[in-house]
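Okay, structure first, notes after.
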Amino acid sequence: MPINILMPALSPTMEKGNLAKWLKKEGDKVKSGDVIAEIETDKATMEVEATDEGTLGQILVPEGTADVAVNTPIAVILSEGEDKAALNNFHAEAPAQETKGAESAPPAAPEEPAAQEARAPAKPASAAVSPPQPEAPPEPDVPAGTEMVTMTMREALRDAMAEEMRRDSDVFVMGEEVAEYQGAYKVTQGLLQEFGADRVIDTPITEHGFAGLGIGAALAGLKPIVEFMTFNFAMQAMDQLINSAAKTLYMSGGQMGCSIVFRGPNGAAARVAAQHSQDFSSWYSHVPGLTVIAPYTAADAKGLLKSAIRYPNPVIFLENEILYGHSSPVPKLDDHLVLIGKAKVVRPGGTVTIVAWSIGMSYALKAAEELATEQISAEVIDLRTLRPMDSETVVQSVKKTGRCVVVEEGWPQAGLAAEVAARIMEHAFDYLDAPVARVTGKDVPMPYAANLEKLALPSVADVVEAAKAVCYR
């Protein structure tokens, strides 16, 4: 009897996902455990395995289909000796279950220009789900007319590591599940196959141990990229990060350098509760000896990671789970680099300055769009590098606008938003027409319940309200 392959769940809270790619085609022989497809959500990519041996008789949900409900039949496997005729009886017996597939959003089809103009754009429920893209011109070192390629942040990070590993044999990747499983979020996909197990290394589940191993390798002259499955787990390695990586150059009188990158997801994701939702931006930014980077776009993620791998000192590279699956243009260059320590004005304006980084840029850019409809021109600055912080770009903007709002997903006390506000007071106090406003996460551990989690995080409405307040509107 034919066997249904159902849409799996990546977690107990997952309700739907996107069917990204079929790795087998109809008629292919499969056995139990064979990877036949890839599905993805806003947080991760996951492989779908065949549950039985046989032939892939029919694909019910085409690749590219969005919002496929969990437990929807996505394919049918024919047992040994069965042919396509068996599918007719099978579908006749179970039509109700297969109608779930019809509820999924089909792959997007190209629209005629006239249809695109006539169709009113749907307003996204969350800026984080559908982030607006920066309007600013490309980096100064990107030649005019450079071809741009659209890719996800996940792909941009992978390409950055692959390019640097090809360029320098001292570069290697290590961490939990980075090799055989190709990364918990598939950021290291394909690296093991290209570079082998000597340079893409699966580690035991002990952050204190493998962080120390990476630091030792860096002190000996290698260039490790250490992936934390999440920076929440890196708290086990704090002694290694702060006392060994950050301080050894100083304590050795400049004799022992430590060229190492610690990278992985940071901050809130979606319903992973208090212990897996912390934003460590301000924690690491507090420490002399560390460089801290938090990109928003795929282009910045690629260019900054390449620069970080070449950097002679330890770098904390803070990514965001929600942004992994988001796509944006990346320059098609042989060696795309972004300067560490330089912020970027991504949306020019003249009424109020909004400063953000990482996923906070989603709220900032969407808020700027809404403010524009009320004749408030917001200039949006992406810090990109948190330490060293580019105060000059922020100060020059505030001198022009006279007002500033800083957006941060982390907690308010001793946060980076407070640091930005202090620097503005020190260097642009006489230019301010209103106090600097902060929009931060609420001062509570992250709730698990979806409705409470939403209330604990900043929102576009919060940013709009703060901007209006400093404009006395």
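Letters for chains follow the order of the structure tokens (A, B, ...), residue numbers begin at 1 for each chain, and ligand numbers begin at 1 in the order shown.
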
Name all residues at most 7 Å from region 408-412 of chain A (count only C-alpha atoms; drop same-chain ones fewer than 2 positions away) and give them as number ranges by chain. A: 279, 356, 360, 406, 414-415, 417, 439-443, 457-458

Save the residues we just selected, C-alpha atoms, as a tab-separated table (two decimals), in the first residue's frame?
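Final file, result25.tsv:
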chain	number	residue	atom	x	y	z
A	279	ASP	CA	20.50	39.49	23.67
A	356	ALA	CA	19.56	50.37	15.38
A	360	GLY	CA	16.31	46.12	15.38
A	406	VAL	CA	17.73	54.20	19.65
A	414	ALA	CA	23.26	49.19	30.99
A	415	GLY	CA	22.21	48.53	27.41
A	417	ALA	CA	20.97	52.19	23.67
A	439	VAL	CA	13.00	51.69	22.58
A	440	THR	CA	14.13	48.44	24.20
A	441	GLY	CA	12.94	45.03	25.26
A	442	LYS	CA	10.98	44.98	28.50
A	443	ASP	CA	12.94	44.50	31.72
A	457	LEU	CA	9.89	42.87	22.48
A	458	PRO	CA	10.07	46.27	20.78

Going by DSSP on the backbone, which bits of region 136-253 of chain A are helix (DSSP H, G or I)? Write them as a ChimeraX atom specification, please. /A:153-167,191-195,207-219,233-245,248-251

Interatomic distance between CA of Ile424 (chain A) and CA of Glu374 (chain A)? 25.9 Å

Sort by chain and increasing residue number a table of all residues of region 234-261 of chain A within 9 Å of region 209-215 of chain A, each with its closest pair of atoms and their distance in Å to one decimal, counting only C-alpha atoms, and write it as a tab-separated table.
residue	atom	partner	partner_atom	distance
A:Ala234	CA	A:Ala211	CA	8.6
A:Ala237	CA	A:Ala211	CA	6.3
A:Gln240	CA	A:Gly212	CA	5.7
A:Leu241	CA	A:Ala211	CA	7.5
A:Ser244	CA	A:Ile215	CA	7.4
A:Ala245	CA	A:Ile215	CA	6.2
A:Cys258	CA	A:Ile215	CA	6.8
A:Ser259	CA	A:Ile215	CA	8.4
A:Ile260	CA	A:Ile215	CA	7.0

Could you save those same residues with N, CA, C and O atoms as a compact mmCIF listing (two decimals), in the first residue's frame?
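So the final result, stored in part.txt, reads:
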# COMPACT_ATOMS: atom_id res chain seq x y z
N ALA A 234 26.85 30.13 25.14
CA ALA A 234 28.23 30.61 25.28
C ALA A 234 28.52 31.09 26.69
O ALA A 234 29.69 31.33 27.03
N ALA A 237 31.14 29.39 28.34
CA ALA A 237 32.50 29.66 27.88
C ALA A 237 32.96 31.07 28.22
O ALA A 237 33.97 31.54 27.69
N GLN A 240 36.61 31.60 29.12
CA GLN A 240 37.49 31.49 27.96
C GLN A 240 37.43 32.76 27.11
O GLN A 240 38.46 33.29 26.67
N LEU A 241 36.22 33.26 26.86
CA LEU A 241 36.04 34.41 25.98
C LEU A 241 36.63 35.69 26.59
O LEU A 241 37.32 36.46 25.91
N SER A 244 40.61 34.72 28.49
CA SER A 244 41.66 34.19 27.61
C SER A 244 41.70 34.93 26.27
O SER A 244 42.70 35.55 25.93
N ALA A 245 40.60 34.90 25.54
CA ALA A 245 40.60 35.50 24.20
C ALA A 245 40.81 37.01 24.25
O ALA A 245 41.66 37.57 23.55
N CYS A 258 45.41 36.69 18.96
CA CYS A 258 44.36 35.66 18.98
C CYS A 258 43.34 35.99 17.89
O CYS A 258 42.34 36.65 18.13
N SER A 259 43.63 35.53 16.67
CA SER A 259 42.74 35.78 15.54
C SER A 259 41.67 34.69 15.50
O SER A 259 41.91 33.59 15.01
N ILE A 260 40.49 35.00 16.03
CA ILE A 260 39.43 34.00 16.15
C ILE A 260 38.08 34.69 16.04
O ILE A 260 37.92 35.84 16.46

Best match for closeness to Glu370 (chain A) among A:Lys468, A:His326, A:Lys342, A:Arg423, counting only C-alpha atoms: A:Lys468

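Neighbouring residues of Gly190 (chain A) at 12 Å or closer, counting only C-alpha atoms and skipping chain neighbours under 3 positions away, are Glu155, Arg158, Asp159, Met161, Ala162, Val178, Ala179, Glu180, Tyr181, Gln182, Gly183, Lys186, Val187, Gln193, Glu194, Phe195, Gly196, Ala197 and Val200 of chain A.
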
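For Lys21 (chain A), the non-local neighbours within 6 Å, defined as residues at least 5 positions apart in the same chain or in other chains and counting only C-alpha atoms, are Ala37, Glu38 and Glu63 of chain A.
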
Using C-alpha atoms, can you write the selected residues to a file as a short mmCIF file (atom, residue, chain, number, x, y, z; two decimals), in the first residue's frame?
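The result, written out as selection-v2.cif:
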data_model
loop_
_atom_site.label_atom_id
_atom_site.label_comp_id
_atom_site.auth_asym_id
_atom_site.auth_seq_id
_atom_site.Cartn_x
_atom_site.Cartn_y
_atom_site.Cartn_z
CA ALA A 37 13.50 17.22 0.52
CA GLU A 38 14.39 20.35 2.47
CA GLU A 63 9.06 22.88 -4.20
#

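The residues of region 357-419 of chain A that DSSP assigns to strand (DSSP E) on this backbone come out as Ala378, Glu379, Val380, Ile381, Asp382, Thr385, Leu386, Arg387, Cys404, Val405, Val406 and Val407 of chain A.
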
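For the choices A:Thr393, A:Ile39, A:Glu419, A:Asp28, the atom-to-atom distance to Gln58 (chain A) is smallest for A:Asp28 when using only C-alpha atoms.
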
Selection: 7 Å around Met174 (chain A), only C-alpha atoms, excl. self and same-chain fewer than 4 positions, as a ChimeraX atom specification: /A:178,200-203,225-227

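In this structure, CA of Leu339 (chain A) sits 21.4 Å away from CA of Ser327 (chain A).
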